[in-house]
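The structure appears right after this line, and notes come after that.
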Amino acid sequence: MNEVGTRSRWWLYVLLTVALVLVITPFAWMVLGSFKTNAELRQIPPTWWPQNPTLDNFTQLFSRLSFGTYFSNSTIVAVVVTAGNLLFCSMVGYALAMLRFRGRKIIFALILGTLMIPGVVTFVPLFVLVANLGLVDTLPGLFLPFLVAPFGVFLMRQFVLGLPRDLVEAARIDGAGEFRIFFQVILPLLTPALATLGILTFLGSWNNFLWPLVVAQSNDTYTLPVALALYSTGQNEQQYGLLMAGATIVVLPVLVVFLIFQRRFIQGIATTGIK
């Protein structure tokens, strides 16, 4: 049994190593490509290590683009969207899990139903709504439609269901209102789920491309993904080196956020929906 277990573990390590290599290879190629010239990136057969490493791509990135403006726009949108989801999704999840009111199950079923609707289907109606509100080419137009997400509500509800209901009942007996119960009793216990939702939301908002491409129509409101896509396309050729340098810079904040909240993220994924 020990020999069989050792072999199984060995094969598991091999499969995990292969999967890790497959995941890391595109990112390694992107980072190494950011130090190559455009000619070397088009070279056939391709090279893995840069033949003549250069920082020209990063120099052009910061000199040609209003990098500070685009970075601040992306940061504002991602932070506001993440904060909105953490607050509103946790509040709705608490209400659906701990409060008893008529239509609770129907509301939750409708929320689950929205998860089955492709985002492309609601893209045009959402844009028309934003346009009618006069929010086109503004930062609020970029983040207001995404302050609450159905997946976030589902995630928080499932996590709240795993919390002891006695805590809520004890707080109610002591005379605490629902808002006080939520902020002082429930919210501190939601740290793992909040970390999970925060990382997923920040990642999705930071990398969002299609919506900012349509809503943002000037340099003052462009986010980093949109600016990189627009300015890395020359009149006669695609500037892959500039695009890879920009993509490398874009990945860094997401990587930092994940490394900081990695333990909470794994804990939240492992414990959500256990009950």
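Here, A, B, ... name the chains of the structure tokens in the order displayed, residue numbers run from 1 inside each chain, and ligands are numbered from 1 in the same displayed order.
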
Filtered DSSP result for stretch 72-192 of chain A, state alpha helix (DSSP H), as a PyMOL selection string: chain A and resi 72-98+104-114+119-132+139-143+150-161+165-173+178-181+191-192

Export, as a CSV table (one decimal), in the first residue's frame, the selected residues with C-alpha atoms.
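Dumped to out_33.csv:
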chain,number,residue,atom,x,y,z
A,72,SER,CA,-5.0,56.1,-12.0
A,73,ASN,CA,-8.2,55.5,-14.0
A,74,SER,CA,-7.7,51.7,-13.8
A,75,THR,CA,-7.0,51.9,-10.1
A,76,ILE,CA,-10.0,54.1,-9.3
A,77,VAL,CA,-12.4,51.9,-11.3
A,78,ALA,CA,-11.0,48.6,-9.9
A,79,VAL,CA,-10.9,49.9,-6.3
A,80,VAL,CA,-14.5,51.4,-6.4
A,81,VAL,CA,-15.9,48.2,-8.1
A,82,THR,CA,-14.2,46.0,-5.6
A,83,ALA,CA,-15.3,48.1,-2.6
A,84,GLY,CA,-18.8,48.2,-3.9
A,85,ASN,CA,-19.0,44.5,-4.3
A,86,LEU,CA,-17.5,43.7,-0.9
A,87,LEU,CA,-20.1,46.0,0.8
A,88,PHE,CA,-23.3,45.4,-1.2
A,89,CYS,CA,-22.8,41.7,-2.0
A,90,SER,CA,-22.1,40.9,1.6
A,91,MET,CA,-25.2,42.9,2.7
A,92,VAL,CA,-27.4,41.2,0.2
A,93,GLY,CA,-25.9,37.8,1.1
A,94,TYR,CA,-26.5,38.4,4.8
A,95,ALA,CA,-30.1,39.4,4.1
A,96,LEU,CA,-30.8,36.3,2.0
A,97,ALA,CA,-29.1,34.0,4.5
A,98,MET,CA,-30.2,35.3,7.9
A,104,ARG,CA,-36.6,35.5,-0.3
A,105,LYS,CA,-36.2,32.3,-2.2
A,106,ILE,CA,-37.6,33.8,-5.4
A,107,ILE,CA,-35.1,36.7,-5.2
A,108,PHE,CA,-32.2,34.3,-4.7
A,109,ALA,CA,-33.5,32.1,-7.7
A,110,LEU,CA,-33.6,35.3,-9.9
A,111,ILE,CA,-30.0,36.1,-8.8
A,112,LEU,CA,-28.9,32.6,-9.8
A,113,GLY,CA,-30.8,33.0,-13.1
A,114,THR,CA,-28.8,36.1,-14.0
A,119,GLY,CA,-22.8,39.4,-20.5
A,120,VAL,CA,-23.0,40.1,-24.2
A,121,VAL,CA,-26.8,39.9,-24.0
A,122,THR,CA,-27.1,42.8,-21.5
A,123,PHE,CA,-24.2,44.8,-23.0
A,124,VAL,CA,-26.3,47.0,-25.4
A,125,PRO,CA,-29.2,47.7,-22.9
A,126,LEU,CA,-26.6,48.5,-20.2
A,127,PHE,CA,-24.8,50.9,-22.6
A,128,VAL,CA,-28.1,52.6,-23.6
A,129,LEU,CA,-29.0,53.1,-19.9
A,130,VAL,CA,-25.6,54.6,-19.2
A,131,ALA,CA,-25.9,56.9,-22.2
A,132,ASN,CA,-29.3,58.1,-21.2
A,139,LEU,CA,-15.4,57.3,-14.7
A,140,PRO,CA,-18.8,56.7,-13.0
A,141,GLY,CA,-20.0,55.2,-16.2
A,142,LEU,CA,-17.1,52.7,-16.0
A,143,PHE,CA,-17.8,51.5,-12.4
A,150,PRO,CA,-24.7,38.0,-8.9
A,151,PHE,CA,-21.7,35.7,-8.3
A,152,GLY,CA,-20.6,37.9,-5.3
A,153,VAL,CA,-24.1,37.7,-3.8
A,154,PHE,CA,-24.1,33.9,-4.2
A,155,LEU,CA,-20.6,33.6,-2.7
A,156,MET,CA,-21.4,35.7,0.3
A,157,ARG,CA,-24.8,34.0,1.0
A,158,GLN,CA,-23.2,30.6,1.0
A,159,PHE,CA,-20.5,31.7,3.4
A,160,VAL,CA,-23.0,33.4,5.7
A,161,LEU,CA,-25.1,30.2,5.8
A,165,ARG,CA,-27.2,31.6,13.7
A,166,ASP,CA,-27.0,31.8,17.5
A,167,LEU,CA,-24.6,34.8,17.1
A,168,VAL,CA,-27.3,36.8,15.3
A,169,GLU,CA,-30.1,35.7,17.7
A,170,ALA,CA,-27.9,36.7,20.7
A,171,ALA,CA,-27.3,40.1,19.2
A,172,ARG,CA,-31.0,40.6,18.6
A,173,ILE,CA,-31.8,39.7,22.1
A,178,GLU,CA,-29.7,44.5,11.7
A,179,PHE,CA,-27.1,47.0,10.5
A,180,ARG,CA,-25.2,46.8,13.8
A,181,ILE,CA,-25.4,43.0,13.7
A,191,THR,CA,-12.8,38.0,6.1
A,192,PRO,CA,-11.9,34.8,4.1

Which neighbours of stretch 62-68 of chain A fall inside 9 Å, counting only C-alpha atoms, when residues of the same chain fewer than 6 positions from it are skipped, and could you give them as a compact mmCIF listing (two decimals) with N, CA, C and O atoms, in the first residue's frame?
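Output saved as result34.txt:
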# COMPACT_ATOMS: atom_id res chain seq x y z
N ASN A 219 -8.78 60.35 -23.89
CA ASN A 219 -7.59 60.01 -23.11
C ASN A 219 -7.81 60.18 -21.61
O ASN A 219 -7.15 59.53 -20.81
N LEU A 224 -5.93 51.28 -18.55
CA LEU A 224 -4.68 50.72 -19.08
C LEU A 224 -4.90 49.70 -20.21
O LEU A 224 -4.24 49.80 -21.25
N ALA A 227 -5.89 51.64 -23.38
CA ALA A 227 -4.80 52.47 -23.89
C ALA A 227 -3.72 51.63 -24.54
O ALA A 227 -3.20 51.97 -25.61
N LEU A 228 -3.38 50.50 -23.94
CA LEU A 228 -2.35 49.63 -24.52
C LEU A 228 -2.79 49.07 -25.86
O LEU A 228 -2.00 48.99 -26.81
N TYR A 231 -2.74 52.12 -28.47
CA TYR A 231 -1.46 52.75 -28.80
C TYR A 231 -0.39 51.75 -29.22
O TYR A 231 0.65 52.16 -29.73

For A:Leu255, please output as a PDB file with N, CA and C atoms, in the first residue's frame all residues within 12 Å (counting only C-alpha atoms; exclusion window: fewer than 6 positions along the same chain).
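Heads up, here's the output in part-v8.pdb:
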ATOM      1  N   PHE A  27       3.189  33.543 -19.386  1.00  0.00           N
ATOM      2  CA  PHE A  27       3.603  34.723 -18.627  1.00  0.00           C
ATOM      3  C   PHE A  27       5.109  34.954 -18.748  1.00  0.00           C
ATOM      4  N   ILE A 199     -10.372  39.634  -4.474  1.00  0.00           N
ATOM      5  CA  ILE A 199      -9.357  39.293  -5.477  1.00  0.00           C
ATOM      6  C   ILE A 199     -10.009  39.036  -6.832  1.00  0.00           C
ATOM      7  N   LEU A 200     -11.081  38.254  -6.843  1.00  0.00           N
ATOM      8  CA  LEU A 200     -11.746  37.939  -8.109  1.00  0.00           C
ATOM      9  C   LEU A 200     -12.337  39.197  -8.760  1.00  0.00           C
ATOM     10  N   PHE A 202     -11.413  42.434  -8.199  1.00  0.00           N
ATOM     11  CA  PHE A 202     -10.334  43.330  -8.612  1.00  0.00           C
ATOM     12  C   PHE A 202      -9.697  42.841  -9.901  1.00  0.00           C
ATOM     13  N   LEU A 203      -9.463  41.544 -10.002  1.00  0.00           N
ATOM     14  CA  LEU A 203      -8.865  40.982 -11.211  1.00  0.00           C
ATOM     15  C   LEU A 203      -9.752  41.218 -12.424  1.00  0.00           C
ATOM     16  N   TRP A 206      -9.885  45.102 -13.184  1.00  0.00           N
ATOM     17  CA  TRP A 206      -8.601  45.628 -13.660  1.00  0.00           C
ATOM     18  C   TRP A 206      -8.346  45.221 -15.109  1.00  0.00           C
ATOM     19  N   THR A 248       2.973  43.411 -18.982  1.00  0.00           N
ATOM     20  CA  THR A 248       3.772  43.077 -17.807  1.00  0.00           C
ATOM     21  C   THR A 248       3.492  44.042 -16.663  1.00  0.00           C
ATOM     22  N   ILE A 249       3.399  45.332 -16.987  1.00  0.00           N
ATOM     23  CA  ILE A 249       3.094  46.334 -15.963  1.00  0.00           C
ATOM     24  C   ILE A 249       1.680  46.136 -15.416  1.00  0.00           C
ATOM     25  N   PHE A 261      -3.165  38.563  -0.227  1.00  0.00           N
ATOM     26  CA  PHE A 261      -4.373  37.922   0.303  1.00  0.00           C
ATOM     27  C   PHE A 261      -4.455  36.442  -0.067  1.00  0.00           C
ATOM     28  N   GLN A 262      -3.330  35.832  -0.397  1.00  0.00           N
ATOM     29  CA  GLN A 262      -3.336  34.453  -0.875  1.00  0.00           C
ATOM     30  C   GLN A 262      -3.928  33.497   0.160  1.00  0.00           C
TER      31      GLN A 262
END

Which neighbours of A:Asp137 fall inside 8 Å, counting only C-alpha atoms, when residues of the same chain fewer than 3 positions from it are skipped, and could you give them as a list in words?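 Within the cut-off, the hits are Gly141, Val215, Ala216, Gln217, Ser218 and Thr221 of chain A.
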
Neighbour list for A:Asp220 as an MDAnalysis selection string, cut-off 8 Å, only C-alpha atoms, skip fewer than 2 positions in-chain: chainID A and resid 69:70 218 222
